[in-house]
Amino acid sequence: MAAASRNVGFYINKNCRFLLSSFEQLKGRSFSWTPILQRATEVQKGSPENVTIPRKKEWNNTAVLEALASTVNRDPTAYQYDFQDDPYLTPRTSSEYKMFLLSQESGRSAAKYFINTNPKFFTKDFAEPHIPCLMPETVALRLEDVSEEALKERISLRKVTAAVEMYDQLLQTGTVVSMETVYELLDLISFYCDKDPVPDGVQLSEEPDEPGEEVKQRNVRGHRGRASLGPVWKDNNNAERIFHLLPEKDARCYSALIRGMQKHGNSAKAFSMYTDMLNNRLTADVHIFNALIAAVPDVRDQYTEKWDLIVETLNQMNQQKVPPNLLTFNAVLKALRQCGPQARNYSLNTINEMRALGIAPSLATYYHILSVFYKPSFTGKGNPSVLQELLSYLEGQSFTCQDPDDVMFFSTAMKICLAYKDVELAYEVQSLVETSENWRLLGNSHLTSVYYVRFFSVLCMMEHVDTVMRWYRRLVPSRFYPKSWGLMDLLQALDTDGRLDLIPTIWKDIRSLGHDNKPELVEELLTLMARDEHPPEVQDSFAACALEVKDSVGSLRRRPVLEWTNTSLSNVTTLLLRANRTGQAWEMLQIFKEKNRVPSDKLLDDFLSVCKRDRDAQRAVELVQLSSAFCLQATPKLAKRALTEFDLKEEQRSLLSELDAAEQPDD
């Protein structure tokens with residue numbers, strides 16, 4: 001025990017001496033930052049200024065997830081995130097894709113409805129911290145007494161009918177309702193057009209309340225072909241009734257009604273309401289002017305009249321000293337789309353006015369500009385200079401959604417690239433999509449699919465097949481599911497660059513995408529494979545594809561059912577013959593007879609040549625008999641070839657001689 005203590009003391013003494021010597025060395029050594037610290041200390045001592053503490057950085061709730069997501073790239077071989085919850089049901093066709101999304105949304109709506117209607121069964125909160133969106137929403141009315149609080153509850157729950165009834169009861173009892181509550185009530189009624197909002201997943205047919213109301217609504221909706229889905233603003237509805245009952249009406253009340261009238265197709269009455277507001281010496285707000293500008297195309301027919309009314313509205317806006325915002329100019333540009341050829345000059349003037357006021361355009365602004373310069377009926381004539389200049393200006397910029405029409409820009413720009421067949425311009429649009437998080441502005445699944453379908457069509461027409469295939473693997477199926485015409489474009493690109501050997505790979509995708517029942521696509525694929533001869537390994541892969549086509553034709557699992565045609569039967573038979581699959585090719589000739597189809601003379605001649613190569617005399621005789629059964633004019637020629645080129649038995653020779661004589665025309 002004593003020896004152990006002595007050893008411990010020795011090592012402690014040794015280590016202490018080592019540390020002391022190290023500190024002595026550090027004292028005599030000067031570091032580069034020592035003078036800097038000394039000068040900073042002197043400055044702090046001599047300066048009376050206070051230290052400015054930087055402001056705290058505010059992070060959103062998903063900042064950590066966004067930082068983690070920025071460290072990885074997108075996997076082009078993976079399906080979209082929406083479908084990764086249930087790999088078994090991952091869609092592989094465009095129809096399955098649509099059905100999956102609809103089913104998923106329907107399931108959410110059903111679960112949400114059940115939770116909200118039975119909140120007593122979902123009182124336990126397992127989430128830490130609390131997640132409000134996962135808990136039942138308050139949809140049942142709790143306040144039954146006649147009070148302003150009960151009215152506010154009905155407004156917050158978007159119960160239009162119940163809110164109107166509660167307001168009427170308050171008026172009957174003589175209760176004074178605050179103007180803020182009246183504003184919210186008018187906003188609610190105007191937004192939903194005096195009807196209770198339709199629950200998620202439920203579609204209600206609109207029945208007219210009066211006998212002549214149906215015709216009236218049809219006329220309003222069909223005004224100049226601008227059909228609007230949804231309810232139409234009716235005269236003297238609850239919003240107008242409550243408005244007229246108000247003792248004092250201010251611009252906020254007028255704003256709710258004018259915006260509701262414009263939203264629900266009664267633009268003429270919106271202007272009438274605005275005139276009444278001016279007569280009462282009230283000043284409009286920017287939302288009123290935005291609604292009026294958007295309503296201009298509905299109240300004027302001539303191009304010049306529309307522009308004059310827009311200018312008049314803007315002048316009144318200036319006189320009332322109401323500053324415009326982004327939505328104001330977007331409404332002007334959207335109205336200019338219906339102002340004819342002179343709208344191009346007006347739209348450029350509008351953009352200059354935005355710059356003068358320091359208002360940054362959004363993608364919707366540029367979308368309206370493109371719609372003014374490139375009408376929906378344009379066929380690619382002229383030059384895409386406007387889009388080129390626009391993309392050069394937007395290069396490297398990132399955008400956020402500021403207008404509902406922002407999502408229309410990319411699909412429209414790619415449509416112009418497709419019309420002009422300009423692949424470089426298409427690459428610029430795609431580069432802008434990939435900048436930052438601009439891809440979020442591609443829109444919903446339908447608009448996203450439309451964008452990528454157009455982009456892929458441009459690539460198929462203008463790019464080399466290797467580049468096309470690289471983009472194909474990058475986009476399918478992680479970005480979109482190609483339609484049958486998109487795959488037709490891909491097949492034509494393979495044909496143009498002489499890469500028909502890739503057809504078997506494309507055929508696998510055609511089957512997995514559910515397009516193997518499209519007659520035009522299958523016919524094109526078989527025609528390309530059977531048109532020319534290829535090396536043996538390629539012919540074997542072509543024959544395997546042909547047999548898969550044979551299995552899919554007439555299958556009841558496919559809707560619609562693919563039917564045999566002369567061309568498809570001939571192409572499949574030719575492919576099997578070139579791959580030395582004579583037995584299966586002979587089965588295809590029997591299908592000709594079953595389906596009442598007639599093989600071509602060239603096909604039978606090629607089949608006879610294969611029989612000669614294989615020295616199959618019996619099959620040659622049967623082929624001539626089959627030709628005779630079809631009453632083909634080539635039967636004598638085939639019979640003579642068989643007699644001269646094959647080593648036949650006497651019975652076979654006599655049979656062929658009879659067929660040759662029977663098919664000879666009588667003198």
# chains A, B, ... in the order shown; residues from 1 in each chain; ligands from 1
$ select_by_dssp --residues "stretch 240-298 of chain A" --states "helix (DSSP H, G or I)" --output "PyMOL selection string"
chain A and resi 240-245+251-263+267-279+286-298
$ atom_distance --atom1 "atom CA of A:Tyr81" --atom2 "atom CA of A:Arg440"
14.0 Å
$ closest_residue --among "A:Leu577, A:Ala127, A:Leu246, A:Val538" --to "A:Arg613" --atoms "only C-alpha atoms"
A:Leu577
$ closest_residue --among "A:Pro482, A:Ser570, A:Ala546, A:Ala493" --to "A:Asp509" --atoms "only C-alpha atoms"
A:Pro482
$ residues_around --residues "stretch 290-298 of chain A" --least-positions-apart "2" --cutoff "8 Å" --atoms "only C-alpha atoms" --output "list in words"
His223, Ile258, Arg259, Gln262, Lys263, Ser267, Ala268, Ala270, Phe271, Val286, His287, Ile288, Arg300, Asp301, Lys306, Leu309, Ile310, Thr313, Leu327, Thr328, Ala331, Val332, Lys334, Ala335 and Gln338 of chain A
